[in-house]
>>> print(open('query29.pdb').read())   # PDB, C-alpha atoms
ATOM      1  CA  MET A   1     -29.505  36.070 -49.137  1.00  0.00           C
ATOM      2  CA  GLY A   2     -31.502  37.976 -51.742  1.00  0.00           C
ATOM      3  CA  ARG A   3     -35.125  38.870 -51.336  1.00  0.00           C
ATOM      4  CA  SER A   4     -36.387  36.125 -53.662  1.00  0.00           C
ATOM      5  CA  SER A   5     -34.067  33.540 -52.064  1.00  0.00           C
ATOM      6  CA  LYS A   6     -35.319  34.478 -48.607  1.00  0.00           C
ATOM      7  CA  ALA A   7     -38.921  34.279 -49.782  1.00  0.00           C
ATOM      8  CA  GLN A   8     -38.294  30.857 -51.338  1.00  0.00           C
ATOM      9  CA  SER A   9     -36.597  29.710 -48.134  1.00  0.00           C
ATOM     10  CA  GLU A  10     -39.714  30.729 -46.168  1.00  0.00           C
ATOM     11  CA  VAL A  11     -41.917  28.824 -48.626  1.00  0.00           C
ATOM     12  CA  ASN A  12     -39.700  25.739 -48.323  1.00  0.00           C
ATOM     13  CA  ARG A  13     -39.746  25.959 -44.535  1.00  0.00           C
ATOM     14  CA  ALA A  14     -43.534  26.298 -44.424  1.00  0.00           C
ATOM     15  CA  HIS A  15     -43.914  23.343 -46.790  1.00  0.00           C
ATOM     16  CA  LEU A  16     -41.657  21.196 -44.593  1.00  0.00           C
ATOM     17  CA  VAL A  17     -43.775  22.058 -41.550  1.00  0.00           C
ATOM     18  CA  ASP A  18     -47.006  21.218 -43.399  1.00  0.00           C
ATOM     19  CA  VAL A  19     -45.627  17.865 -44.523  1.00  0.00           C
ATOM     20  CA  ALA A  20     -44.219  17.124 -41.066  1.00  0.00           C
ATOM     21  CA  CYS A  21     -47.577  17.928 -39.438  1.00  0.00           C
ATOM     22  CA  ALA A  22     -49.324  15.435 -41.682  1.00  0.00           C
ATOM     23  CA  LEU A  23     -46.717  12.699 -41.170  1.00  0.00           C
ATOM     24  CA  PHE A  24     -46.444  13.178 -37.402  1.00  0.00           C
ATOM     25  CA  ALA A  25     -50.246  13.206 -37.112  1.00  0.00           C
ATOM     26  CA  GLU A  26     -50.607  10.001 -39.099  1.00  0.00           C
ATOM     27  CA  HIS A  27     -47.642   7.968 -37.863  1.00  0.00           C
ATOM     28  CA  GLY A  28     -46.433   9.584 -34.643  1.00  0.00           C
ATOM     29  CA  TYR A  29     -43.096  11.146 -33.783  1.00  0.00           C
ATOM     30  CA  ASP A  30     -41.156   7.910 -33.292  1.00  0.00           C
ATOM     31  CA  ALA A  31     -42.186   6.436 -36.649  1.00  0.00           C
ATOM     32  CA  VAL A  32     -41.254   9.465 -38.775  1.00  0.00           C
ATOM     33  CA  GLY A  33     -37.683  10.133 -39.852  1.00  0.00           C
ATOM     34  CA  LEU A  34     -36.231  13.283 -41.346  1.00  0.00           C
ATOM     35  CA  LYS A  35     -35.480  11.364 -44.520  1.00  0.00           C
ATOM     36  CA  GLU A  36     -39.218  10.614 -44.959  1.00  0.00           C
ATOM     37  CA  VAL A  37     -40.190  14.224 -44.294  1.00  0.00           C
ATOM     38  CA  ALA A  38     -37.621  15.539 -46.745  1.00  0.00           C
ATOM     39  CA  ALA A  39     -38.654  13.057 -49.439  1.00  0.00           C
ATOM     40  CA  ALA A  40     -42.366  13.778 -48.978  1.00  0.00           C
ATOM     41  CA  ALA A  41     -41.657  17.505 -49.181  1.00  0.00           C
ATOM     42  CA  GLY A  42     -39.449  17.130 -52.248  1.00  0.00           C
ATOM     43  CA  GLN A  43     -36.483  18.572 -50.349  1.00  0.00           C
ATOM     44  CA  THR A  44     -33.207  17.281 -48.942  1.00  0.00           C
ATOM     45  CA  ARG A  45     -32.416  16.243 -45.383  1.00  0.00           C
ATOM     46  CA  GLY A  46     -29.896  19.079 -45.444  1.00  0.00           C
ATOM     47  CA  ALA A  47     -32.748  21.531 -45.999  1.00  0.00           C
ATOM     48  CA  VAL A  48     -34.560  20.098 -42.979  1.00  0.00           C
ATOM     49  CA  TYR A  49     -31.441  20.471 -40.839  1.00  0.00           C
ATOM     50  CA  HIS A  50     -30.872  23.976 -42.190  1.00  0.00           C
ATOM     51  CA  HIS A  51     -34.332  25.141 -41.139  1.00  0.00           C
ATOM     52  CA  PHE A  52     -34.856  23.172 -37.937  1.00  0.00           C
ATOM     53  CA  GLY A  53     -31.526  21.780 -36.746  1.00  0.00           C
ATOM     54  CA  SER A  54     -32.983  18.423 -35.721  1.00  0.00           C
ATOM     55  CA  LYS A  55     -36.037  16.210 -35.782  1.00  0.00           C
ATOM     56  CA  ARG A  56     -37.042  17.677 -32.425  1.00  0.00           C
ATOM     57  CA  GLY A  57     -36.771  21.186 -33.895  1.00  0.00           C
ATOM     58  CA  LEU A  58     -38.978  20.181 -36.809  1.00  0.00           C
ATOM     59  CA  PHE A  59     -41.488  18.604 -34.444  1.00  0.00           C
ATOM     60  CA  SER A  60     -41.506  21.747 -32.299  1.00  0.00           C
ATOM     61  CA  ALA A  61     -42.411  23.798 -35.379  1.00  0.00           C
ATOM     62  CA  ALA A  62     -45.106  21.281 -36.349  1.00  0.00           C
ATOM     63  CA  LEU A  63     -46.570  21.367 -32.844  1.00  0.00           C
ATOM     64  CA  ALA A  64     -46.614  25.172 -32.857  1.00  0.00           C
ATOM     65  CA  GLN A  65     -48.490  25.092 -36.166  1.00  0.00           C
ATOM     66  CA  VAL A  66     -51.027  22.581 -34.859  1.00  0.00           C
ATOM     67  CA  GLN A  67     -51.532  24.558 -31.644  1.00  0.00           C
ATOM     68  CA  GLY A  68     -51.969  27.690 -33.742  1.00  0.00           C
ATOM     69  CA  SER A  69     -54.569  26.003 -35.954  1.00  0.00           C
ATOM     70  CA  VAL A  70     -56.525  24.856 -32.917  1.00  0.00           C
ATOM     71  CA  ALA A  71     -56.344  28.363 -31.449  1.00  0.00           C
ATOM     72  CA  GLU A  72     -57.625  29.794 -34.745  1.00  0.00           C
ATOM     73  CA  ALA A  73     -60.643  27.471 -34.600  1.00  0.00           C
ATOM     74  CA  VAL A  74     -61.302  28.517 -31.005  1.00  0.00           C
ATOM     75  CA  GLU A  75     -61.014  32.204 -31.801  1.00  0.00           C
ATOM     76  CA  ALA A  76     -63.232  31.943 -34.892  1.00  0.00           C
ATOM     77  CA  ALA A  77     -65.966  30.223 -32.884  1.00  0.00           C
ATOM     78  CA  ALA A  78     -65.697  32.724 -30.032  1.00  0.00           C
ATOM     79  CA  VAL A  79     -65.797  35.886 -32.143  1.00  0.00           C
ATOM     80  CA  ALA A  80     -68.770  34.596 -34.121  1.00  0.00           C
ATOM     81  CA  GLU A  81     -70.846  35.108 -30.964  1.00  0.00           C
ATOM     82  CA  THR A  82     -71.985  38.572 -29.907  1.00  0.00           C
ATOM     83  CA  ASP A  83     -72.291  37.780 -26.192  1.00  0.00           C
ATOM     84  CA  PRO A  84     -68.968  37.162 -24.385  1.00  0.00           C
ATOM     85  CA  TRP A  85     -70.395  34.232 -22.389  1.00  0.00           C
ATOM     86  CA  ASP A  86     -71.653  32.568 -25.566  1.00  0.00           C
ATOM     87  CA  GLY A  87     -68.238  33.236 -27.093  1.00  0.00           C
ATOM     88  CA  LEU A  88     -66.500  31.422 -24.232  1.00  0.00           C
ATOM     89  CA  VAL A  89     -68.837  28.449 -24.550  1.00  0.00           C
ATOM     90  CA  ALA A  90     -68.480  28.290 -28.343  1.00  0.00           C
ATOM     91  CA  GLY A  91     -64.694  28.570 -28.085  1.00  0.00           C
ATOM     92  CA  CYS A  92     -64.516  25.739 -25.549  1.00  0.00           C
ATOM     93  CA  HIS A  93     -66.624  23.477 -27.757  1.00  0.00           C
ATOM     94  CA  ALA A  94     -64.508  24.372 -30.788  1.00  0.00           C
ATOM     95  CA  PHE A  95     -61.386  23.474 -28.812  1.00  0.00           C
ATOM     96  CA  LEU A  96     -62.699  19.999 -28.035  1.00  0.00           C
ATOM     97  CA  ASP A  97     -63.458  19.269 -31.672  1.00  0.00           C
ATOM     98  CA  ALA A  98     -60.272  20.813 -33.074  1.00  0.00           C
ATOM     99  CA  ALA A  99     -57.934  19.230 -30.511  1.00  0.00           C
ATOM    100  CA  ALA A 100     -59.556  15.809 -30.941  1.00  0.00           C
ATOM    101  CA  SER A 101     -59.265  15.925 -34.739  1.00  0.00           C
ATOM    102  CA  ASP A 102     -57.001  13.481 -36.543  1.00  0.00           C
ATOM    103  CA  GLY A 103     -54.649  16.276 -37.510  1.00  0.00           C
ATOM    104  CA  ALA A 104     -54.148  17.561 -33.974  1.00  0.00           C
ATOM    105  CA  ARG A 105     -54.620  14.801 -31.406  1.00  0.00           C
ATOM    106  CA  ARG A 106     -51.392  12.852 -31.759  1.00  0.00           C
ATOM    107  CA  VAL A 107     -49.140  15.853 -32.371  1.00  0.00           C
ATOM    108  CA  MET A 108     -50.664  18.151 -29.763  1.00  0.00           C
ATOM    109  CA  LEU A 109     -51.865  15.887 -26.980  1.00  0.00           C
ATOM    110  CA  VAL A 110     -49.842  12.668 -27.231  1.00  0.00           C
ATOM    111  CA  ASP A 111     -46.412  13.345 -28.732  1.00  0.00           C
ATOM    112  CA  GLY A 112     -46.150  17.028 -27.809  1.00  0.00           C
ATOM    113  CA  PRO A 113     -45.661  16.570 -24.059  1.00  0.00           C
ATOM    114  CA  ALA A 114     -43.643  13.360 -24.537  1.00  0.00           C
ATOM    115  CA  VAL A 115     -41.200  14.788 -27.087  1.00  0.00           C
ATOM    116  CA  LEU A 116     -40.761  18.348 -25.838  1.00  0.00           C
ATOM    117  CA  GLY A 117     -41.346  17.806 -22.150  1.00  0.00           C
ATOM    118  CA  TRP A 118     -44.167  19.005 -19.993  1.00  0.00           C
ATOM    119  CA  GLN A 119     -42.949  22.587 -19.478  1.00  0.00           C
ATOM    120  CA  GLU A 120     -42.198  23.369 -23.109  1.00  0.00           C
ATOM    121  CA  TRP A 121     -45.526  21.838 -24.148  1.00  0.00           C
ATOM    122  CA  ARG A 122     -47.353  23.914 -21.508  1.00  0.00           C
ATOM    123  CA  ASP A 123     -45.595  27.078 -22.715  1.00  0.00           C
ATOM    124  CA  GLY A 124     -46.900  26.456 -26.243  1.00  0.00           C
ATOM    125  CA  ASP A 125     -50.382  25.722 -24.938  1.00  0.00           C
ATOM    126  CA  ALA A 126     -50.278  28.897 -22.836  1.00  0.00           C
ATOM    127  CA  ALA A 127     -49.366  30.966 -25.891  1.00  0.00           C
ATOM    128  CA  SER A 128     -52.205  29.586 -27.994  1.00  0.00           C
ATOM    129  CA  SER A 129     -55.545  28.187 -26.833  1.00  0.00           C
ATOM    130  CA  ARG A 130     -55.016  28.720 -23.115  1.00  0.00           C
ATOM    131  CA  ARG A 131     -54.262  32.400 -23.757  1.00  0.00           C
ATOM    132  CA  LEU A 132     -57.623  32.759 -25.503  1.00  0.00           C
ATOM    133  CA  LEU A 133     -59.393  30.967 -22.668  1.00  0.00           C
ATOM    134  CA  GLU A 134     -57.807  33.276 -20.106  1.00  0.00           C
ATOM    135  CA  GLU A 135     -58.706  36.372 -22.118  1.00  0.00           C
ATOM    136  CA  GLY A 136     -62.322  35.242 -22.352  1.00  0.00           C
ATOM    137  CA  LEU A 137     -62.533  34.443 -18.649  1.00  0.00           C
ATOM    138  CA  ARG A 138     -60.882  37.737 -17.739  1.00  0.00           C
ATOM    139  CA  GLU A 139     -63.520  39.628 -19.747  1.00  0.00           C
ATOM    140  CA  LEU A 140     -66.248  37.621 -18.040  1.00  0.00           C
ATOM    141  CA  GLY A 141     -64.656  38.399 -14.677  1.00  0.00           C
ATOM    142  CA  THR A 142     -64.769  42.110 -15.473  1.00  0.00           C
ATOM    143  CA  ARG A 143     -68.469  41.772 -16.323  1.00  0.00           C
ATOM    144  CA  GLY A 144     -69.155  39.800 -13.146  1.00  0.00           C
ATOM    145  CA  ASP A 145     -70.112  36.579 -14.955  1.00  0.00           C
ATOM    146  CA  VAL A 146     -67.320  34.686 -13.171  1.00  0.00           C
ATOM    147  CA  ALA A 147     -65.462  35.504  -9.972  1.00  0.00           C
ATOM    148  CA  PRO A 148     -62.632  37.845 -11.037  1.00  0.00           C
ATOM    149  CA  ASP A 149     -60.244  36.511  -8.401  1.00  0.00           C
ATOM    150  CA  GLU A 150     -60.709  32.965  -9.752  1.00  0.00           C
ATOM    151  CA  VAL A 151     -59.814  33.661 -13.397  1.00  0.00           C
ATOM    152  CA  ALA A 152     -56.284  32.199 -13.183  1.00  0.00           C
ATOM    153  CA  ALA A 153     -57.483  29.058 -11.415  1.00  0.00           C
ATOM    154  CA  LEU A 154     -60.437  28.631 -13.770  1.00  0.00           C
ATOM    155  CA  THR A 155     -58.136  28.975 -16.769  1.00  0.00           C
ATOM    156  CA  ILE A 156     -55.839  26.181 -15.580  1.00  0.00           C
ATOM    157  CA  LEU A 157     -58.731  23.992 -14.444  1.00  0.00           C
ATOM    158  CA  LEU A 158     -60.683  24.302 -17.693  1.00  0.00           C
ATOM    159  CA  SER A 159     -57.603  24.016 -19.892  1.00  0.00           C
ATOM    160  CA  GLY A 160     -56.506  20.785 -18.227  1.00  0.00           C
ATOM    161  CA  ALA A 161     -59.991  19.323 -18.257  1.00  0.00           C
ATOM    162  CA  MET A 162     -60.516  20.174 -21.912  1.00  0.00           C
ATOM    163  CA  ASN A 163     -57.138  18.755 -22.961  1.00  0.00           C
ATOM    164  CA  GLU A 164     -57.991  15.472 -21.230  1.00  0.00           C
ATOM    165  CA  THR A 165     -61.484  15.464 -22.697  1.00  0.00           C
ATOM    166  CA  ALA A 166     -60.131  16.091 -26.196  1.00  0.00           C
ATOM    167  CA  LEU A 167     -57.752  13.162 -25.795  1.00  0.00           C
ATOM    168  CA  TRP A 168     -60.638  10.968 -24.594  1.00  0.00           C
ATOM    169  CA  LEU A 169     -62.768  12.105 -27.526  1.00  0.00           C
ATOM    170  CA  ALA A 170     -59.992  11.322 -29.973  1.00  0.00           C
ATOM    171  CA  GLN A 171     -59.542   7.832 -28.530  1.00  0.00           C
ATOM    172  CA  GLU A 172     -63.216   6.932 -28.198  1.00  0.00           C
ATOM    173  CA  GLY A 173     -64.514   8.597 -31.330  1.00  0.00           C
ATOM    174  CA  ARG A 174     -67.881  10.012 -32.221  1.00  0.00           C
ATOM    175  CA  ALA A 175     -69.700   7.728 -29.801  1.00  0.00           C
ATOM    176  CA  VAL A 176     -68.733   9.957 -26.865  1.00  0.00           C
ATOM    177  CA  ARG A 177     -68.856  13.341 -28.605  1.00  0.00           C
ATOM    178  CA  ALA A 178     -72.362  14.249 -27.464  1.00  0.00           C
ATOM    179  CA  ALA A 179     -71.610  13.214 -23.882  1.00  0.00           C
ATOM    180  CA  ALA A 180     -68.373  15.215 -23.832  1.00  0.00           C
ATOM    181  CA  HIS A 181     -70.039  18.358 -25.144  1.00  0.00           C
ATOM    182  CA  ALA A 182     -73.016  17.993 -22.789  1.00  0.00           C
ATOM    183  CA  ALA A 183     -70.671  17.578 -19.809  1.00  0.00           C
ATOM    184  CA  LEU A 184     -68.700  20.650 -20.907  1.00  0.00           C
ATOM    185  CA  ASP A 185     -71.934  22.672 -21.019  1.00  0.00           C
ATOM    186  CA  ARG A 186     -72.788  21.597 -17.460  1.00  0.00           C
ATOM    187  CA  VAL A 187     -69.338  22.461 -16.168  1.00  0.00           C
ATOM    188  CA  LEU A 188     -69.347  25.872 -17.837  1.00  0.00           C
ATOM    189  CA  SER A 189     -72.857  26.722 -16.683  1.00  0.00           C
ATOM    190  CA  GLY A 190     -71.789  25.917 -13.121  1.00  0.00           C
ATOM    191  CA  LEU A 191     -69.106  28.606 -13.319  1.00  0.00           C
ATOM    192  CA  ARG A 192     -71.470  31.398 -14.224  1.00  0.00           C
ATOM    193  CA  ARG A 193     -72.501  33.662 -11.399  1.00  0.00           C
ATOM    194  CA  GLY A 194     -76.097  34.739 -10.949  1.00  0.00           C
TER     195      GLY A 194
END
>>> encode(input="query29.pdb", output="structure tokens")
Amino acid sequence: MGRSSKAQSEVNRAHLVDVACALFAEHGYDAVGLKEVAAAAGQTRGAVYHHFGSKRGLFSAALAQVQGSVAEAVEAAAVAETDPWDGLVAGCHAFLDAAASDGARRVMLVDGPAVLGWQEWRDGDAASSRRLLEEGLRELGTRGDVAPDEVAALTILLSGAMNETALWLAQEGRAVRAAAHAALDRVLSGLRRG
């Protein structure tokens, strides 16, 4: 495959993932067929199969993109703060909002574990937002802000709690947003030593 053909193939693949993300987010995995994705992307079903092998393969790529987008929002919020503790707090709040968004909730929190299975979903989570959470907690452990020997447990505990809270936020809407963020602040402040 020539350089321009390979570049065009990458563009086509990325476009398919973008379209799939939007369709899976709006309609859910079960309601979206490869024919609909291909048509919406202006490509053939053969192109979808070429790039992803199956609907599950396409969904896996869409989920990875959504998880990556959420992780980018978390990282942007965290690095905007100069103090590492404030960065952790800002990143956690950004996670709640990004994961509960219309574009992420169904793909990342509802269909992701159901379609790919718990372990594969957890592996993707661990490589994206949970990795950032662990890095932030590890830095805080080094500084003495959290117990260093509890970093692994705190990572799992906070990650699980925030995933559930994001799902709750997405289901209940803006009416519970303030309560969810206030509760997150109380939980996080309780972790800080001194």
>>> residues_around(input="query29.pdb", residues="region 46-63 of chain A", least_positions_apart="2", cutoff="8 Å", atoms="only C-alpha atoms", output="ChimeraX atom specification")
/A:13,16-18,20-21,24,29,33-34,38,43-44,65-67,107-108,112,115-116
>>> write_last_selection(input="query29.pdb", atoms="C-alpha atoms", output="short mmCIF file (atom, residue, chain, number, x, y, z; two decimals), in the coordinates of the input")
data_model
loop_
_atom_site.label_atom_id
_atom_site.label_comp_id
_atom_site.auth_asym_id
_atom_site.auth_seq_id
_atom_site.Cartn_x
_atom_site.Cartn_y
_atom_site.Cartn_z
CA ARG A 13 -39.75 25.96 -44.54
CA LEU A 16 -41.66 21.20 -44.59
CA VAL A 17 -43.78 22.06 -41.55
CA ASP A 18 -47.01 21.22 -43.40
CA ALA A 20 -44.22 17.12 -41.07
CA CYS A 21 -47.58 17.93 -39.44
CA PHE A 24 -46.44 13.18 -37.40
CA TYR A 29 -43.10 11.15 -33.78
CA GLY A 33 -37.68 10.13 -39.85
CA LEU A 34 -36.23 13.28 -41.35
CA ALA A 38 -37.62 15.54 -46.74
CA GLN A 43 -36.48 18.57 -50.35
CA THR A 44 -33.21 17.28 -48.94
CA GLN A 65 -48.49 25.09 -36.17
CA VAL A 66 -51.03 22.58 -34.86
CA GLN A 67 -51.53 24.56 -31.64
CA VAL A 107 -49.14 15.85 -32.37
CA MET A 108 -50.66 18.15 -29.76
CA GLY A 112 -46.15 17.03 -27.81
CA VAL A 115 -41.20 14.79 -27.09
CA LEU A 116 -40.76 18.35 -25.84
#
>>> residues_around(input="query29.pdb", residues="Ala161 (chain A)", least_positions_apart="6", cutoff="12 Å", atoms="only C-alpha atoms", output="JSON, numbers by chain")
{"A": [92, 95, 96, 130, 154, 155, 167, 168, 180, 183, 184, 187, 188]}
>>> atom_distance(input="query29.pdb", atom1="CA of Leu88 (chain A)", atom2="CA of Leu157 (chain A)")
14.5 Å
>>> resolve_selection(input="query29.pdb", expression="the PyMOL selection byres ((chain A and resi 171) around 12)", output="ChimeraX atom specification")
/A:99-102,105-106,109-110,164-170,172-177
>>> atom_distance(input="query29.pdb", atom1="CA of Gly136 (chain A)", atom2="CA of Gly190 (chain A)")
16.2 Å
>>> residues_around(input="query29.pdb", residues="Arg122 (chain A)", least_positions_apart="5", cutoff="9 Å", atoms="only C-alpha atoms", output="VMD selection string")
chain A and resid 113 117 127
>>> atom_distance(input="query29.pdb", atom1="CA of Gln8 (chain A)", atom2="CA of Ala41 (chain A)")
13.9 Å
